Amino acid sequence: MKKVGICFALVSVITVFCFIGGGCSLIDMLNNVGEEYTDNQEEDSDNNGENGANKNENVTKSVEITPRGMQTVIVGKECVFTANALREDGSIIAGKSVTEPKKFTETGKHSFSMTVDGLLATTTVNVIEDDITLPVEYMGKTYTGIDISTMTGSVENTRFDAGRKLEVTYPTGNSFDADGFFPLKLSVNNPAMHQFFRVSISGGANREGASYIYRGNPTSDSGELEMRIWLRWGKGSYTVKICDITEARWNYQAVDGMTSTDGKITYYGDNILASYSYYPSVTFTVNNTRDEDGTFLYPSSVVQSDDITVMNKAADLTAGLTKTEDKIKAIHDWIVTSKYYDQDSFPSESKRKRQDAVAVMEYGMCVCEGYANLTAALLRNCGIQTKFISSKSLNHAWNHVNVGTETNPDWRLLDTCWDDPLIVDFGPAHDGGSDFVVYENYLLKNLEGGNDPHTGGVPNMGRDAYPGIGHIDGVESIAY
């Protein structure tokens, strides 16, 4: 049709030319018409290219199911997965995502698929019973816990006085073999001590130990609590004591039951003990059969790297990654962009929130201690040795991470708190958010780098919860 139009236009032009006796030749006229036609064709081509590009922007090239990686779900409990439509560059196409609730009725590995625009994606989940006494998958390995066939003795719950009661309901024997950990179920009825109790652990091939302060459920009169007690210092015999807190002096007492402004979260305070007295209620003798040094790999009281929310987030963040440094970067960037510094918890003792890894996952805010706890939890879950470092003189906490191997370690400084800086303008300081990520304190080889040196002084023993490891890379600190 365009060629016909050109011929018609050419005849018309020639007719006019002949009529008015214009001063250009027929050849010139033909050349001019040809150039105009070429220009129009190029313009049409440009317009078609723009329209094609706009159209291609929303063409689904692949589909990805989120959360990514091997997710762990509880049998019979509903969980939600989303299938995202991806462009060729991997970016998500808005408005095309498909969300589906899933509920699995049998334990084990289960695969399922989801479809967007006729393209299929498949993922696999690990469905488990909600039973702490069962084996657990951790760092890609299976830990079986107590060997019931070896259990002997009985649990005698001794009490300091009638007004304070700590009762262990599992294990039912006080001597047994265990593979890496053993499950502990108990209730604590000690409101005067805010339901706190002490767990002390010593032994293993490294003959080390720790004392942890736990808290029974503050929302329950009986303070029920279930946990895994991990045997972190290698193969061998351990002594584990579960103790009542009989007296305490508080650095400060935070307020329980504060509700977030949106009404979604109830905050429980991080009550800090300055000193306390305790009374052993139950003593276990445990033979750890797992020949593995879990000092900086296994969970602790506030680095709950075996918690299902931590496990699933670590799997999501590191899906498809094989190199240690790539996993560290993915976790560093997510923490810096998704968590923010909680200014209420720092200056106001009464408003200080819990700083353990699970609480930070739930609340989305913390101080340096919480950043370091969550960083350690996610990295340990990936099988990356991670230390929590605390310095009293700096009033600060951070991490040391092994980017090498256990036999050939290469420890680096990592500070996700100082890499998520507060932005100070003419108003109150505020978090930089997802658009503000720095790497000034990222995998440093010494303590002098970064935006402020991590050197100094006296170990912060105020929490009385972590095994001291002396001098680390020139800093007298503690780690757990």
# chains A, B, ... in the order shown; residues from 1 in each chain; ligands from 1
>>> select_by_dssp(residues="stretch 245-470 of chain A", states="strand (DSSP E)", output="PyMOL selection string")
chain A and resi 245-252+258-259+266-267+272-288+340-341+365-366+386-391+396-402+411-414+422-423+430-431+442-444+468-470
>>> closest_atom_pairs(of="stretch 283-313 of chain A", to="stretch 375-384 of chain A", cutoff="9 Å", atoms="only C-alpha atoms", output="tab-separated table")
residue	atom	partner	partner_atom	distance
A:Phe296	CA	A:Arg380	CA	7.3
A:Leu297	CA	A:Arg380	CA	4.9
A:Tyr298	CA	A:Arg380	CA	6.7
A:Pro299	CA	A:Ala377	CA	7.1
A:Ser300	CA	A:Ala377	CA	8.9
A:Val302	CA	A:Ala377	CA	8.6
A:Val303	CA	A:Ala377	CA	5.0
A:Gln304	CA	A:Ala377	CA	5.9
A:Ser305	CA	A:Ala377	CA	4.2
A:Asp306	CA	A:Asn381	CA	6.9
A:Asp307	CA	A:Ala377	CA	9.0
A:Val310	CA	A:Leu378	CA	6.2
A:Met311	CA	A:Asn381	CA	6.4
A:Lys313	CA	A:Leu378	CA	7.7
>>> residues_around(residues="A:Ile65", least_positions_apart="3", cutoff="8 Å", atoms="only C-alpha atoms", output="PyMOL selection string")
chain A and resi 68+81-84+114+121-123
>>> write_last_selection(atoms="N, CA and C atoms", output="PDB file, in the first residue's frame")
ATOM      1  N   ARG A  68      12.974 -19.089  48.216  1.00  0.00           N
ATOM      2  CA  ARG A  68      13.815 -19.968  47.428  1.00  0.00           C
ATOM      3  C   ARG A  68      14.494 -20.996  48.337  1.00  0.00           C
ATOM      4  N   PHE A  81       3.541 -19.829  49.323  1.00  0.00           N
ATOM      5  CA  PHE A  81       4.601 -19.696  48.325  1.00  0.00           C
ATOM      6  C   PHE A  81       4.110 -18.803  47.193  1.00  0.00           C
ATOM      7  N   THR A  82       5.056 -18.105  46.562  1.00  0.00           N
ATOM      8  CA  THR A  82       4.729 -17.198  45.469  1.00  0.00           C
ATOM      9  C   THR A  82       5.557 -17.545  44.244  1.00  0.00           C
ATOM     10  N   ALA A  83       4.905 -17.649  43.107  1.00  0.00           N
ATOM     11  CA  ALA A  83       5.588 -17.835  41.839  1.00  0.00           C
ATOM     12  C   ALA A  83       5.682 -16.487  41.138  1.00  0.00           C
ATOM     13  N   ASN A  84       6.899 -16.034  40.881  1.00  0.00           N
ATOM     14  CA  ASN A  84       7.127 -14.738  40.250  1.00  0.00           C
ATOM     15  C   ASN A  84       7.495 -14.907  38.784  1.00  0.00           C
ATOM     16  N   MET A 114       4.510 -24.665  40.283  1.00  0.00           N
ATOM     17  CA  MET A 114       3.595 -23.545  40.096  1.00  0.00           C
ATOM     18  C   MET A 114       3.807 -22.987  38.687  1.00  0.00           C
ATOM     19  N   ALA A 121       7.661 -23.776  37.264  1.00  0.00           N
ATOM     20  CA  ALA A 121       8.792 -23.790  38.200  1.00  0.00           C
ATOM     21  C   ALA A 121       8.491 -24.832  39.269  1.00  0.00           C
ATOM     22  N   THR A 122       9.537 -25.498  39.741  1.00  0.00           N
ATOM     23  CA  THR A 122       9.382 -26.568  40.728  1.00  0.00           C
ATOM     24  C   THR A 122      10.318 -26.321  41.901  1.00  0.00           C
ATOM     25  N   THR A 123       9.851 -26.597  43.094  1.00  0.00           N
ATOM     26  CA  THR A 123      10.678 -26.487  44.287  1.00  0.00           C
ATOM     27  C   THR A 123      10.408 -27.678  45.191  1.00  0.00           C
TER      28      THR A 123
END
>>> select_by_dssp(residues="stretch 107-324 of chain A", states="helix (DSSP H, G or I)", output="MDAnalysis selection string")
chainID A and resid 191:193 308:317 324
>>> write_last_selection(atoms="C-alpha atoms", output="PDB file, in the first residue's frame")
ATOM      1  CA  PRO A 191       7.754 -14.502  88.441  1.00  0.00           C
ATOM      2  CA  ALA A 192       9.969 -12.650  90.914  1.00  0.00           C
ATOM      3  CA  MET A 193      12.909 -13.469  88.641  1.00  0.00           C
ATOM      4  CA  ILE A 308      12.980 -22.762  61.557  1.00  0.00           C
ATOM      5  CA  THR A 309      12.597 -19.070  60.651  1.00  0.00           C
ATOM      6  CA  VAL A 310      16.368 -18.632  60.602  1.00  0.00           C
ATOM      7  CA  MET A 311      16.904 -21.851  58.624  1.00  0.00           C
ATOM      8  CA  ASN A 312      14.364 -20.852  55.984  1.00  0.00           C
ATOM      9  CA  LYS A 313      15.708 -17.330  55.584  1.00  0.00           C
ATOM     10  CA  ALA A 314      19.266 -18.628  55.209  1.00  0.00           C
ATOM     11  CA  ALA A 315      18.081 -21.095  52.551  1.00  0.00           C
ATOM     12  CA  ASP A 316      16.222 -18.345  50.702  1.00  0.00           C
ATOM     13  CA  LEU A 317      19.114 -15.862  50.748  1.00  0.00           C
ATOM     14  CA  THR A 324      31.425 -18.810  51.065  1.00  0.00           C
TER      15      THR A 324
END
>>> closest_residue(among="A:Asp420, A:Val437, A:Gly269, A:Tyr279", to="A:Arg354", atoms="only C-alpha atoms")
A:Gly269
>>> atom_distance(atom1="atom CA of A:Thr246", atom2="atom CA of A:Val188")
12.3 Å
>>> residues_around(residues="A:Gly173", least_positions_apart="3", cutoff="10 Å", atoms="only C-alpha atoms", output="list in words")
Ile148, Thr150, Met151, Thr152, Gly153, Ser154, Val155, Glu156, Thr169, Tyr170, Phe176, Phe284 and Thr285 of chain A
>>> atom_distance(atom1="atom CA of A:Ile132", atom2="atom CA of A:Arg228")
7.3 Å
>>> closest_residue(among="A:Val336, A:Val282, A:Ile245, A:Leu394", to="A:Trp418", atoms="only C-alpha atoms")
A:Val336
>>> residues_around(residues="A:Ala359", least_positions_apart="3", cutoff="12 Å", atoms="only C-alpha atoms", output="ChimeraX atom specification")
/A:265-270,301-304,307,309-310,339,352-356,362-367,369-371,373-374,377
